[in-house]
$ cat data_3.json   # JSON, C-alpha atoms
[["chain", "number", "residue", "atom", "x", "y", "z"],
["A", 1, "MET", "CA", 157.50, 11.79, 186.40],
["A", 2, "SER", "CA", 157.34, 10.94, 182.71],
["A", 3, "MET", "CA", 160.25, 11.48, 180.34],
["A", 4, "ASP", "CA", 160.18, 12.19, 176.62],
["A", 5, "ALA", "CA", 162.81, 12.37, 173.86],
["A", 6, "ASN", "CA", 163.51, 16.03, 174.65],
["A", 7, "ASP", "CA", 164.79, 15.08, 178.10],
["A", 8, "PHE", "CA", 167.68, 13.31, 176.40],
["A", 9, "THR", "CA", 168.33, 15.49, 173.34],
["A", 10, "GLY", "CA", 167.80, 19.01, 174.71],
["A", 11, "TRP", "CA", 165.70, 20.00, 171.68],
["A", 12, "GLU", "CA", 162.38, 21.82, 172.14],
["A", 13, "ARG", "CA", 159.70, 22.71, 169.60],
["A", 14, "ALA", "CA", 159.25, 26.41, 168.90],
["A", 15, "LYS", "CA", 156.92, 28.48, 166.74],
["A", 16, "LEU", "CA", 157.51, 31.88, 165.13],
["A", 17, "GLU", "CA", 154.61, 34.33, 165.35],
["A", 18, "GLY", "CA", 154.13, 37.42, 163.20],
["A", 19, "GLY", "CA", 156.42, 38.91, 160.58],
["A", 20, "PRO", "CA", 157.60, 37.24, 157.39],
["A", 21, "ALA", "CA", 158.15, 33.80, 158.99],
["A", 22, "ASP", "CA", 154.77, 33.64, 160.76],
["A", 23, "GLY", "CA", 153.75, 30.09, 161.56],
["A", 24, "ALA", "CA", 157.17, 28.49, 161.01],
["A", 25, "TRP", "CA", 157.96, 25.61, 163.37],
["A", 26, "MET", "CA", 161.42, 24.48, 164.40],
["A", 27, "ARG", "CA", 163.43, 22.83, 167.15],
["A", 28, "VAL", "CA", 165.84, 24.82, 169.33],
["A", 29, "THR", "CA", 168.26, 24.00, 172.14],
["A", 30, "ASP", "CA", 169.02, 26.03, 175.26],
["A", 31, "ARG", "CA", 166.01, 28.33, 174.75],
["A", 32, "PRO", "CA", 167.79, 31.16, 172.88],
["A", 33, "ALA", "CA", 166.37, 34.60, 173.70],
["A", 34, "VAL", "CA", 166.53, 35.78, 170.08],
["A", 35, "LEU", "CA", 166.30, 34.00, 166.72],
["A", 36, "GLN", "CA", 167.25, 35.60, 163.44],
["A", 37, "VAL", "CA", 165.58, 34.78, 160.14],
["A", 38, "THR", "CA", 167.18, 35.83, 156.87],
["A", 39, "PHE", "CA", 165.89, 35.95, 153.31],
["A", 40, "PRO", "CA", 168.28, 36.37, 150.37],
["A", 41, "CYS", "CA", 168.01, 39.51, 148.26],
["A", 42, "GLN", "CA", 168.85, 39.60, 144.56],
["A", 43, "LEU", "CA", 171.69, 41.86, 143.51],
["A", 44, "ASP", "CA", 171.71, 43.22, 139.97],
["A", 45, "SER", "CA", 175.50, 43.21, 139.68],
["A", 46, "PRO", "CA", 177.19, 41.91, 142.83],
["A", 47, "PRO", "CA", 180.85, 42.79, 143.23],
["A", 48, "GLY", "CA", 182.69, 39.53, 143.81],
["A", 49, "ASP", "CA", 181.08, 37.06, 146.20],
["A", 50, "MET", "CA", 178.96, 39.68, 147.98],
["A", 51, "ARG", "CA", 175.47, 38.74, 149.05],
["A", 52, "VAL", "CA", 172.72, 40.71, 150.77],
["A", 53, "GLU", "CA", 170.11, 39.24, 153.08],
["A", 54, "ALA", "CA", 167.06, 40.79, 154.73],
["A", 55, "LEU", "CA", 167.27, 40.25, 158.51],
["A", 56, "TYR", "CA", 164.30, 39.69, 160.84],
["A", 57, "LEU", "CA", 164.46, 39.11, 164.59],
["A", 58, "TYR", "CA", 162.15, 37.04, 166.76],
["A", 59, "ARG", "CA", 162.25, 37.22, 170.56],
["A", 60, "ARG", "CA", 161.26, 34.40, 172.91],
["A", 61, "ASP", "CA", 158.16, 34.98, 175.01],
["A", 62, "PRO", "CA", 159.50, 34.52, 178.57],
["A", 63, "ARG", "CA", 156.00, 33.73, 179.88],
["A", 64, "VAL", "CA", 155.97, 30.43, 177.96],
["A", 65, "ARG", "CA", 157.62, 27.82, 180.16],
["A", 66, "SER", "CA", 156.89, 24.61, 178.22],
["A", 67, "GLU", "CA", 156.67, 23.42, 174.65],
["A", 68, "PRO", "CA", 155.93, 24.80, 172.24],
["A", 69, "LEU", "CA", 158.11, 27.83, 172.89],
["A", 70, "ARG", "CA", 156.86, 31.02, 171.22],
["A", 71, "TYR", "CA", 158.95, 33.62, 169.45],
["A", 72, "GLY", "CA", 157.32, 36.90, 168.44],
["A", 73, "PHE", "CA", 158.42, 39.11, 165.57],
["A", 74, "ASP", "CA", 160.35, 42.20, 166.67],
["A", 75, "GLY", "CA", 159.59, 44.82, 164.02],
["A", 76, "ALA", "CA", 161.71, 47.44, 165.78],
["A", 77, "SER", "CA", 165.00, 45.50, 165.45],
["A", 78, "PRO", "CA", 167.68, 45.86, 164.40]]
$ encode --input "data_3.json" --output "structure tokens"
Amino acid sequence: MSMDANDFTGWERAKLEGGPADGAWMRVTDRPAVLQVTFPCQLDSPPGDMRVEALYLYRRDPRVRSEPLRYGFDGASP
């Protein structure tokens, strides 16, 4: 059985598919079921330290059992 760096660190490569972050690559630990991607929005006159971000969800494809993990855009959430 061969071992690689991921056996020691727990990190796995993952790719986002579809939606606004299509094609983005990252490393994740513990195979999270859902990832959230946010993009800042510009406010014309924010009260205080308020900020607004657009939220997009990506769900892990449970059929993928090895790297790279795949996360598909969930257009119906939240």
$ closest_residue --input "data_3.json" --among "A:Ser77, A:Gly10, A:Val52, A:Trp25" --to "A:Thr38" --atoms "all atoms listed in the file"
A:Val52
$ atom_distance --input "data_3.json" --atom1 "atom CA of A:Lys15" --atom2 "atom CA of A:Gln42"
27.5 Å
$ closest_residue --input "data_3.json" --among "A:Pro68, A:Pro46, A:Pro40, A:Pro62" --to "A:Ala14" --atoms "all atoms listed in the file"
A:Pro68
$ closest_residue --input "data_3.json" --among "A:Arg51, A:Arg13, A:Arg59, A:Arg31" --to "A:Ala76" --atoms "only C-alpha atoms"
A:Arg59
$ residues_around --input "data_3.json" --residues "A:Asp61" --least-positions-apart "5" --cutoff "9 Å" --atoms "all atoms listed in the file" --output "tab-separated table (two decimals) with C-alpha atoms, in the frame of the given file"
chain	number	residue	atom	x	y	z
A	33	ALA	CA	166.37	34.60	173.70
A	69	LEU	CA	158.11	27.83	172.89
A	70	ARG	CA	156.86	31.02	171.22
A	71	TYR	CA	158.95	33.62	169.45
A	72	GLY	CA	157.32	36.90	168.44
$ atom_distance --input "data_3.json" --atom1 "atom CA of A:Val37" --atom2 "atom CA of A:Tyr58"
7.8 Å
$ closest_residue --input "data_3.json" --among "A:Leu43, A:Glu12, A:Met26, A:Gly18" --to "A:Leu57" --atoms "only C-alpha atoms"
A:Gly18
$ atom_distance --input "data_3.json" --atom1 "atom CA of A:Asp74" --atom2 "atom CA of A:Asp22"
11.8 Å
$ closest_residue --input "data_3.json" --among "A:Leu35, A:Ser66, A:Met50, A:Cys41" --to "A:Leu16" --atoms "only C-alpha atoms"
A:Leu35
